[in-house]
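Novice: Pasting target_12.cif below, which is mmCIF, C-alpha atoms.
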```
data_target
#
loop_
_atom_site.label_atom_id
_atom_site.label_comp_id
_atom_site.auth_asym_id
_atom_site.auth_seq_id
_atom_site.Cartn_x
_atom_site.Cartn_y
_atom_site.Cartn_z
CA MET Z 1 42.06 100.82 144.96
CA LYS Z 2 44.22 102.47 142.31
CA ASN Z 3 47.38 102.10 144.41
CA ARG Z 4 46.60 98.45 145.08
CA PHE Z 5 46.11 97.83 141.34
CA ILE Z 6 49.51 99.36 140.57
CA THR Z 7 51.21 97.39 143.34
CA CYS Z 8 49.63 94.04 142.58
CA ILE Z 9 49.30 94.01 138.80
CA ILE Z 10 51.39 96.65 137.07
CA LEU Z 11 54.58 96.48 139.17
CA PRO Z 12 55.10 92.72 138.86
CA LEU Z 13 54.48 92.99 135.13
CA VAL Z 14 57.05 95.76 134.79
CA LEU Z 15 59.57 93.76 136.82
CA ILE Z 16 58.99 90.63 134.77
CA SER Z 17 59.34 92.48 131.46
CA ALA Z 18 62.60 94.07 132.64
CA CYS Z 19 64.11 90.69 133.22
CA TYR Z 20 65.50 89.00 130.11
CA LYS Z 21 65.77 85.45 131.26
CA VAL Z 22 68.81 83.56 130.16
CA GLY Z 23 67.93 80.30 128.49
CA VAL Z 24 70.76 77.79 128.51
CA GLU Z 25 71.19 74.14 129.33
CA LYS Z 26 73.52 73.08 132.11
CA PRO Z 27 76.91 71.73 130.99
CA GLU Z 28 77.23 68.09 131.99
CA GLY Z 29 78.85 67.71 135.40
CA PHE Z 30 78.14 71.29 136.51
CA ALA Z 31 76.07 72.70 139.37
CA GLU Z 32 73.91 75.65 138.35
CA ILE Z 33 72.24 78.79 139.65
CA LYS Z 34 69.88 80.95 137.64
CA THR Z 35 69.27 84.56 138.45
CA CYS Z 36 67.28 87.12 136.53
CA GLU Z 37 70.40 88.56 134.91
CA SER Z 38 72.73 85.63 134.65
CA TYR Z 39 73.16 81.92 134.55
CA TYR Z 40 75.99 80.45 136.61
CA GLY Z 41 77.58 77.04 136.44
CA VAL Z 42 80.46 75.54 138.35
CA SER Z 43 82.21 72.18 138.15
CA PRO Z 44 83.33 70.26 141.27
CA GLU Z 45 86.90 71.46 140.61
CA GLY Z 46 85.83 75.08 140.27
CA VAL Z 47 85.64 75.59 136.51
CA LEU Z 48 83.32 78.57 136.18
CA TYR Z 49 80.69 79.21 133.55
CA ARG Z 50 78.46 82.26 133.21
CA VAL Z 51 75.94 83.37 130.61
CA ARG Z 52 74.36 86.83 130.56
CA TYR Z 53 72.86 89.39 128.23
CA VAL Z 54 73.87 92.94 127.44
CA LYS Z 55 72.25 95.54 125.24
CA ASN Z 56 73.28 95.41 121.59
CA TYR Z 57 74.29 99.06 121.56
CA PRO Z 58 75.10 100.40 119.04
CA VAL Z 59 73.06 97.79 117.20
CA LYS Z 60 75.53 95.73 115.21
CA GLU Z 61 75.84 92.22 113.81
CA ILE Z 62 77.98 89.39 115.15
CA GLY Z 63 80.90 90.18 112.79
CA PHE Z 64 81.38 93.62 114.32
CA TRP Z 65 81.30 92.42 117.94
CA GLN Z 66 83.48 89.46 117.11
CA GLU Z 67 86.19 91.81 115.87
CA ALA Z 68 85.71 94.21 118.77
CA VAL Z 69 86.13 91.47 121.39
CA LYS Z 70 89.09 89.93 119.61
CA ILE Z 71 90.95 93.21 119.18
CA HIS Z 72 90.32 94.27 122.76
CA LEU Z 73 91.42 91.09 124.49
CA GLU Z 74 94.45 90.71 122.23
CA ARG Z 75 95.43 94.27 123.01
CA GLU Z 76 95.15 93.56 126.71
CA GLY Z 77 97.61 90.69 126.33
CA TYR Z 78 95.47 87.57 126.30
CA GLU Z 79 96.90 84.83 124.08
CA LEU Z 80 94.39 83.75 121.46
CA ILE Z 81 94.44 79.95 121.25
CA ASP Z 82 91.41 79.32 119.10
CA GLN Z 83 88.39 80.98 117.57
CA THR Z 84 85.38 78.84 116.66
CA GLU Z 85 81.91 79.51 115.33
CA PHE Z 86 78.87 77.86 116.87
CA ASP Z 87 75.14 77.77 116.36
CA ALA Z 88 72.98 79.22 119.15
CA GLY Z 89 69.41 78.33 118.31
CA GLY Z 90 69.87 79.14 114.62
CA ARG Z 91 71.95 82.25 115.29
CA LYS Z 92 75.61 82.41 114.51
CA GLY Z 93 77.81 82.70 117.53
CA VAL Z 94 81.55 82.73 118.02
CA PHE Z 95 83.70 81.70 120.93
CA PHE Z 96 87.31 82.52 121.67
CA GLU Z 97 89.66 80.55 123.85
CA TRP Z 98 92.31 82.68 125.46
CA GLY Z 99 95.36 81.69 127.40
CA ALA Z 100 96.45 83.67 130.44
CA PRO Z 101 98.40 83.03 133.62
CA TYR Z 102 96.42 82.87 136.84
CA GLY Z 103 98.62 82.66 139.90
CA GLN Z 104 101.12 79.94 139.13
CA GLU Z 105 98.77 78.16 136.73
CA ASN Z 106 97.92 78.48 133.07
CA TYR Z 107 94.26 79.23 132.55
CA ILE Z 108 91.95 79.12 129.58
CA TYR Z 109 89.41 81.90 129.49
CA MET Z 110 86.59 81.26 127.04
CA THR Z 111 84.47 84.14 125.81
CA ALA Z 112 81.49 83.51 123.56
CA ILE Z 113 79.04 85.90 121.96
CA ALA Z 114 75.84 85.54 119.95
CA VAL Z 115 73.58 88.38 118.83
CA PHE Z 116 69.84 88.08 119.53
CA GLY Z 117 68.43 91.22 117.92
CA LYS Z 118 68.68 93.97 120.55
CA ARG Z 119 70.57 91.75 122.97
CA ILE Z 120 73.96 90.10 122.93
CA ALA Z 121 74.41 86.85 124.79
CA ILE Z 122 77.80 86.61 126.46
CA ALA Z 123 79.14 83.37 127.84
CA GLU Z 124 82.35 83.05 129.79
CA ALA Z 125 84.16 80.06 131.19
CA ALA Z 126 87.49 79.77 132.93
CA GLY Z 127 89.54 76.98 134.31
CA GLU Z 128 93.04 75.62 134.68
CA LEU Z 129 94.27 74.21 131.35
CA ASP Z 130 93.67 70.48 132.00
CA LEU Z 131 90.42 71.06 133.82
CA TYR Z 132 89.15 73.29 131.07
CA HIS Z 133 89.88 70.60 128.50
CA LYS Z 134 88.08 68.06 130.69
CA TYR Z 135 84.87 70.12 130.44
CA ARG Z 136 85.38 71.75 127.06
CA GLN Z 137 83.01 69.47 125.20
CA ALA Z 138 80.26 69.98 127.78
CA LEU Z 139 80.75 73.76 127.69
CA VAL Z 140 80.64 73.91 123.89
CA ALA Z 141 77.47 71.78 123.90
CA SER Z 142 75.90 74.20 126.38
CA LEU Z 143 76.78 77.21 124.18
CA GLY Z 144 74.62 75.72 121.44
CA THR Z 145 71.57 75.84 123.73
CA ILE Z 146 71.72 79.56 124.54
CA THR Z 147 68.45 81.36 123.83
CA LEU Z 148 66.78 84.58 124.85
CA LYS Z 149 63.56 84.05 126.80
CA MET V 1 128.81 45.59 60.26
CA ARG V 2 130.81 46.34 63.42
CA THR V 3 129.20 49.81 63.62
CA ILE V 4 125.73 48.27 63.51
CA ILE V 5 126.60 45.86 66.31
CA VAL V 6 127.98 48.71 68.47
CA MET V 7 124.82 50.77 67.84
CA ILE V 8 122.57 47.86 68.77
CA LEU V 9 124.60 47.19 71.93
CA THR V 10 124.54 50.88 72.89
CA PHE V 11 120.79 50.99 72.38
CA LEU V 12 120.34 47.88 74.52
CA ILE V 13 122.53 49.34 77.29
CA ILE V 14 120.51 52.57 77.27
CA LEU V 15 117.30 50.57 77.51
CA SER V 16 118.66 48.54 80.41
CA LEU V 17 119.53 51.68 82.43
CA PRO V 18 116.95 52.37 85.13
CA CYS V 19 114.65 55.25 84.29
CA HIS V 20 114.10 57.30 87.47
CA SER V 21 113.41 60.68 85.96
CA LEU V 22 109.88 60.84 87.37
CA GLU V 23 110.77 59.59 90.84
CA ASN V 24 111.80 61.68 93.80
CA TYR V 25 115.51 61.58 94.59
CA ARG V 26 115.54 64.29 97.21
CA ARG V 27 116.06 64.06 100.93
CA ILE V 28 113.71 66.65 102.42
CA ILE V 29 114.20 67.93 105.95
CA ILE V 30 111.78 70.34 107.57
CA SER V 31 112.63 72.02 110.82
CA ALA V 32 110.36 74.34 112.71
CA ASN V 33 110.26 76.11 116.02
CA LEU V 34 106.81 76.75 117.37
CA ILE V 35 106.01 79.05 120.23
CA VAL V 36 103.00 77.52 121.89
CA PHE V 37 100.87 78.13 124.90
CA ASP V 38 100.14 74.47 125.41
CA PRO V 39 102.82 72.15 123.89
CA GLU V 40 100.96 68.95 124.81
CA THR V 41 97.76 69.89 122.99
CA THR V 42 99.69 71.13 119.96
CA GLN V 43 101.68 67.88 119.84
CA GLU V 44 98.47 65.86 120.02
CA MET V 45 97.07 67.85 117.10
CA ILE V 46 100.23 67.19 115.08
CA VAL V 47 100.20 63.48 115.91
CA THR V 48 96.53 63.25 114.85
CA TRP V 49 97.44 64.93 111.58
CA LEU V 50 100.29 62.44 111.08
CA GLU V 51 98.01 59.48 111.75
CA ASN V 52 95.47 60.75 109.23
CA ASN V 53 98.09 61.41 106.55
CA ARG V 54 100.22 58.24 106.54
CA GLY V 55 102.94 59.84 108.62
CA TYR V 56 104.43 58.68 111.91
CA PHE V 57 106.38 60.20 114.75
CA LEU V 58 109.87 59.04 115.74
CA VAL V 59 110.53 60.97 118.93
CA LYS V 60 108.10 62.87 121.14
CA SER V 61 109.14 64.79 124.21
CA ASP V 62 107.96 67.96 125.98
CA THR V 63 110.07 70.17 123.79
CA LEU V 64 110.67 68.15 120.62
CA LEU V 65 108.78 66.11 118.09
CA SER V 66 110.40 64.39 115.14
CA ALA V 67 108.42 62.57 112.50
CA ARG V 68 108.29 61.35 108.95
CA ILE V 69 105.64 62.48 106.50
CA PRO V 70 105.02 61.43 102.88
CA VAL V 71 106.88 63.83 100.55
CA GLU V 72 103.69 64.68 98.68
CA LYS V 73 102.19 65.96 101.96
CA VAL V 74 104.99 68.42 102.80
CA ARG V 75 103.14 71.54 101.61
CA GLU V 76 99.96 70.53 103.38
CA PHE V 77 101.90 69.89 106.58
CA THR V 78 103.64 73.27 106.64
CA ARG V 79 100.29 74.96 106.01
CA THR V 80 98.79 72.98 108.90
CA LEU V 81 101.58 74.09 111.24
CA GLU V 82 100.78 77.70 110.45
CA THR V 83 97.11 77.25 111.29
CA LEU V 84 97.52 75.55 114.64
CA GLY V 85 96.77 78.72 116.53
CA VAL V 86 100.39 79.14 117.57
CA ASP V 87 103.27 81.39 116.60
CA VAL V 88 105.66 79.83 114.11
CA GLU V 89 108.99 81.37 115.03
CA LYS V 90 110.95 79.59 112.31
CA ILE V 91 110.19 77.09 109.61
CA SER V 92 112.75 75.92 107.10
CA GLU V 93 113.00 73.27 104.43
CA THR V 94 116.23 71.79 103.12
CA SER V 95 116.46 69.49 100.16
CA GLU V 96 119.41 67.36 99.08
CA ASP V 97 119.84 65.30 95.91
CA ILE V 98 120.57 61.68 96.85
CA ARG V 99 120.67 60.25 93.32
CA GLU V 100 124.45 59.77 93.40
CA GLN V 101 124.34 57.94 96.73
CA TYR V 102 121.50 55.82 95.43
CA ILE V 103 123.37 54.83 92.27
CA THR V 104 126.62 54.15 94.19
CA LEU V 105 124.82 51.85 96.61
CA SER V 106 122.86 50.07 93.88
CA SER V 107 125.95 49.40 91.77
CA GLY V 108 127.89 48.39 94.89
CA ILE V 109 125.29 45.73 95.63
CA LYS V 110 125.18 44.58 92.01
CA SER V 111 128.97 44.18 91.67
CA ARG V 112 129.24 42.32 94.98
CA GLN V 113 126.40 40.04 93.96
CA GLU V 114 128.26 39.23 90.74
CA ILE V 115 131.46 38.42 92.67
CA LEU V 116 129.41 36.37 95.09
CA PHE V 117 127.93 34.38 92.21
CA LYS V 118 131.40 33.72 90.73
CA ASN V 119 132.76 32.68 94.12
CA LEU V 120 129.86 30.29 94.58
CA GLN V 121 130.76 28.68 91.26
CA LEU V 122 134.39 28.40 92.40
CA PHE V 123 133.21 27.04 95.72
CA ASP V 124 131.59 24.06 93.92
CA ARG V 125 134.82 23.20 92.17
CA ALA V 126 137.27 24.03 94.96
CA GLY V 127 139.33 21.53 96.84
CA VAL V 128 139.42 21.19 100.63
CA GLU V 129 142.27 23.69 101.01
CA ASP V 130 140.61 26.44 99.01
CA THR V 131 137.16 25.98 100.57
CA LEU V 132 138.01 27.80 103.80
CA GLY V 133 139.42 30.83 101.99
CA ILE V 134 136.40 31.08 99.64
CA GLU V 135 134.00 30.62 102.56
CA GLN V 136 135.53 33.56 104.41
CA GLU V 137 135.32 35.70 101.32
CA LEU V 138 131.67 34.69 100.82
CA LEU V 139 130.80 35.71 104.39
CA LEU V 140 132.56 39.03 103.94
CA LEU V 141 130.67 39.68 100.71
CA LEU V 142 127.34 38.73 102.28
CA ASN V 143 127.96 41.13 105.17
CA GLU V 144 128.87 43.93 102.78
CA ILE V 145 125.77 43.29 100.63
CA GLU V 146 123.48 43.32 103.70
CA SER V 147 125.04 46.53 104.96
CA LEU V 148 124.65 48.20 101.54
CA LYS V 149 121.07 46.98 101.29
CA GLY V 150 120.36 48.53 104.71
CA SER V 151 121.74 51.86 103.55
CA LEU V 152 119.72 51.58 100.34
CA ASN V 153 116.54 50.88 102.30
CA LYS V 154 117.23 53.96 104.42
CA LEU V 155 117.56 56.03 101.26
CA GLU V 156 114.30 54.53 99.97
CA VAL V 157 112.54 55.73 103.15
CA GLU V 158 114.13 59.17 102.76
CA ARG V 159 112.93 59.35 99.15
CA LYS V 160 109.34 58.62 100.15
CA TYR V 161 109.16 60.38 103.51
CA ALA V 162 110.38 63.80 104.52
CA TYR V 163 111.97 64.18 107.94
CA VAL V 164 110.34 66.71 110.21
CA GLU V 165 111.74 68.10 113.42
CA ILE V 166 109.68 70.49 115.49
CA SER V 167 110.88 72.14 118.66
CA PHE V 168 108.41 73.73 121.03
CA THR V 169 108.93 76.80 123.11
CA PHE V 170 106.45 77.32 125.88
CA LYS V 171 105.03 80.79 125.88
CA LYS V 172 104.02 81.98 129.31
CA SER V 173 101.97 85.07 128.76
CA ALA V 174 102.55 88.14 130.76
CA LEU V 175 99.65 89.11 132.97
CA PRO V 176 97.12 90.95 130.79
CA GLU V 177 96.77 94.62 131.60
CA LYS V 178 93.52 96.51 131.72
CA ILE V 179 93.00 98.73 128.69
CA PRO V 180 89.60 100.42 128.43
CA SER V 181 87.40 99.61 125.45
CA SER V 182 84.98 102.04 123.81
CA PHE V 183 82.21 99.55 124.49
CA ASP V 184 81.15 99.23 128.12
CA TRP V 185 80.20 95.58 128.03
CA ILE V 186 83.52 94.59 126.45
CA ASN V 187 85.24 96.12 129.48
CA THR V 188 83.48 93.50 131.59
CA LEU V 189 85.31 90.68 129.79
CA ASP V 190 88.13 89.98 132.17
CA LEU V 191 89.39 86.63 133.46
CA TYR V 192 90.44 88.03 136.84
CA ARG V 193 87.21 89.87 137.44
CA PHE V 194 85.24 86.80 136.33
CA LYS V 195 87.18 84.57 138.74
CA GLN V 196 86.83 87.10 141.54
CA GLU V 197 83.07 87.40 141.10
CA GLY V 198 82.87 83.60 140.98
CA PHE V 199 79.73 81.70 141.80
CA PRO V 200 77.01 83.85 143.47
CA ASN V 201 76.53 83.41 147.21
CA GLU V 202 73.27 82.24 148.71
CA LYS V 203 70.93 85.17 149.37
#
```
Let me see the file written as structure tokens.
Specialist:
Amino acid sequence: MKNRFITCIILPLVLISACYKVGVEKPEGFAEIKTCESYYGVSPEGVLYRVRYVKNYPVKEIGFWQEAVKIHLEREGYELIDQTEFDAGGRKGVFFEWGAPYGQENYIYMTAIAVFGKRIAIAEAAGELDLYHKYRQALVASLGTITLK
Amino acid sequence: MRTIIVMILTFLIILSLPCHSLENYRRIIISANLIVFDPETTQEMIVTWLENNRGYFLVKSDTLLSARIPVEKVREFTRTLETLGVDVEKISETSEDIREQYITLSSGIKSRQEILFKNLQLFDRAGVEDTLGIEQELLLLLNEIESLKGSLNKLEVERKYAYVEISFTFKKSALPEKIPSSFDWINTLDLYRFKQEGFPNEK
């Protein structure tokens, strides 16, 4: 009886609580898949979009992580094209647009972060320059809908 | 008595001289070389700025953009160039005083107009033989006046609008290299890894 109680009631509850569901609206024109850990979107041409959460450890505010991401990717050699703030459900977020070669093409790699208390939402998108610009508005609109469920 | 007349005449001449002290008599040329990742997007941003600030472009190609901007917007424009998210390799501003050219052209037009007026008076009184000669001289004067007016108009544009020439150099980044961060999750930010992981397969 005790074992059955653990299996049927406690275990599912533990599993559910361990899963921070990603709340985000689909960018217009994208196909989507939601898993426990991440949200995935893809355009017909293959522009990728992913949103996930990581632990805010050490616990810091957006300004700290903003600098950390910027310094790291610049150091690695990504070309910073733009840095823009956005509002994610009342929380300040920031997204970077980086330029980098991918094969023979020029790609834009977008990285966005927003701090939700003990969690940091990370969004990424990547696509060939023209394709990225085609979906940029839809991607930015989607960033504004990110929440932690 | 003669002194008084001379003084009055001098005063009148001074009054009749054009007063341009507050106007701009400089030809401003700005040249810049921008290193950009995406020349097309940068050019579009510059053209939008021009449209919103009473400027206009003259030539636009993949590697060059020339334009005219109002002289009072020069500072604002150079600041905008620096905030376009690109590297400004070189930006220079040259300024040349065009007052002398302006005065030479203006007086050239005025003197020719005076001769033209006198010739027209002669034309009324001339006989058949002289008419042809005066007519040729009138045409010559008219051509010269039009040509000088054209040059003066060009100077007027240069007084009001600065000339801008921007060349674009495409920057193709080297492939980023992996440098570890002190924060684990930041190490997961990687275009190539992101592309490789792609869209999850059906389970």
Novice: Could you work out an axis-aligned bounding box for all listed atoms of stretch 98-116 of chain Z, with 8 Å added on each of the six sides, and give its centre and edge lengths in Å to one decimal, as lines of an AutoDock Vina configuration file?
Specialist:
```
center_x = 85.5
center_y = 83.3
center_z = 129.4
size_x = 47.3
size_y = 26.2
size_z = 37.1
```
Novice: Please identify every residue of chain Z that has at least one atom no more than 6 Å from any atom of chain V, counting all atoms listed in the file, and report them as a list in words.
Specialist: Glu76, Gly77, Tyr78, Ile81, Asp82 and Ala100 of chain Z
Novice: Enter the distance from atom CA of V:Glu114 to atom CA of V:Ile98, in Å, rounded to one decimal.
Specialist: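 We find that atom CA of V:Glu114 and atom CA of V:Ile98 lie 24.5 Å from each other.
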Novice: So what does the PyMOL selection byres ((chain Z and resi 93) around 12) actually pick up in this one, as a PyMOL selection string?
Specialist: chain Z and resi 61-66+83-92+94-96+111-116+120-123+140+143-147
Novice: Check what the PyMOL selection byres ((chain Z and resi 26) around 10) selects in the file above and give those residues as a list in words.
Specialist: Gly23, Val24, Glu25, Pro27, Glu28, Gly29, Phe30, Ala31, Glu32, Ile33, Tyr39, Tyr40, Gly41, Val42, Tyr49, Ala138, Leu139, Ala141, Ser142, Leu143 and Thr145 of chain Z
Novice: Could you write out the selected residues, including C-alpha atoms, as a PDB file, in the coordinates of the input?
Specialist:
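Saved to again18.pdb:
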```pdb
ATOM      1  CA  GLY Z  23      67.930  80.300 128.490  1.00  0.00           C
ATOM      2  CA  VAL Z  24      70.760  77.790 128.510  1.00  0.00           C
ATOM      3  CA  GLU Z  25      71.190  74.140 129.330  1.00  0.00           C
ATOM      4  CA  PRO Z  27      76.910  71.730 130.990  1.00  0.00           C
ATOM      5  CA  GLU Z  28      77.230  68.090 131.990  1.00  0.00           C
ATOM      6  CA  GLY Z  29      78.850  67.710 135.400  1.00  0.00           C
ATOM      7  CA  PHE Z  30      78.140  71.290 136.510  1.00  0.00           C
ATOM      8  CA  ALA Z  31      76.070  72.700 139.370  1.00  0.00           C
ATOM      9  CA  GLU Z  32      73.910  75.650 138.350  1.00  0.00           C
ATOM     10  CA  ILE Z  33      72.240  78.790 139.650  1.00  0.00           C
ATOM     11  CA  TYR Z  39      73.160  81.920 134.550  1.00  0.00           C
ATOM     12  CA  TYR Z  40      75.990  80.450 136.610  1.00  0.00           C
ATOM     13  CA  GLY Z  41      77.580  77.040 136.440  1.00  0.00           C
ATOM     14  CA  VAL Z  42      80.460  75.540 138.350  1.00  0.00           C
ATOM     15  CA  TYR Z  49      80.690  79.210 133.550  1.00  0.00           C
ATOM     16  CA  ALA Z 138      80.260  69.980 127.780  1.00  0.00           C
ATOM     17  CA  LEU Z 139      80.750  73.760 127.690  1.00  0.00           C
ATOM     18  CA  ALA Z 141      77.470  71.780 123.900  1.00  0.00           C
ATOM     19  CA  SER Z 142      75.900  74.200 126.380  1.00  0.00           C
ATOM     20  CA  LEU Z 143      76.780  77.210 124.180  1.00  0.00           C
ATOM     21  CA  THR Z 145      71.570  75.840 123.730  1.00  0.00           C
TER      22      THR Z 145
END
```
Novice: Set the distance at 12 Å and use only C-alpha atoms: which residues neighbour V:Glu146 once local chain neighbours fewer than 2 positions away are removed? I'd like the list as number ranges by chain.
Specialist: V: 105-106, 108-110, 112-113, 139-144, 148-153
Novice: Since I can't run it myself right now, could you work out what the PyMOL selection byres ((chain V and resi 68) around 8) selects here and report it as a ChimeraX atom specification?
Specialist: /V:55-58,66-67,69-70,161-164
Novice: Quick one: residues within 10 Å of V:Leu65, all atoms listed in the file counted, chain neighbours fewer than 3 positions away excluded, as a PyMOL selection string?
Specialist: chain V and resi 32+43+46-47+57-62+164-168
Novice: Atom CA of V:Ile145 to atom CA of V:Asn119: how many Å, to one decimal?
Specialist: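 If I compute the distance from atom CA of V:Ile145 to atom CA of V:Asn119, I get 14.3 Å.
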Novice: At a cut-off of 8 Å around the point (75.1, 97.7, 122.6) (file coordinates), what residues fall inside when counting only C-alpha atoms? I'd like the answer as a PyMOL selection string.
Specialist: (chain Z and resi 54-60+118-120) or (chain V and resi 183+185)
Novice: So how many Å separate atom CA of V:Asn24 and atom CA of V:Glu93, to one decimal?
Specialist: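 Atom-to-atom, atom CA of V:Asn24 and atom CA of V:Glu93 are spaced 15.8 Å apart.
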Novice: Please provide the set of residues having any atom within 6 Å of Z:Tyr109, restricted to all atoms listed in the file, with same-chain residues fewer than 2 positions apart removed, written as a PDB file with C-alpha atoms, in the coordinates of the input.
Specialist:
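Once everything was written out, this is selection-v7.pdb:
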```pdb
ATOM      1  CA  GLU Z  97      89.660  80.550 123.850  1.00  0.00           C
ATOM      2  CA  TRP Z  98      92.310  82.680 125.460  1.00  0.00           C
ATOM      3  CA  ALA Z 125      84.160  80.060 131.190  1.00  0.00           C
ATOM      4  CA  ALA Z 126      87.490  79.770 132.930  1.00  0.00           C
TER       5      ALA Z 126
END
```
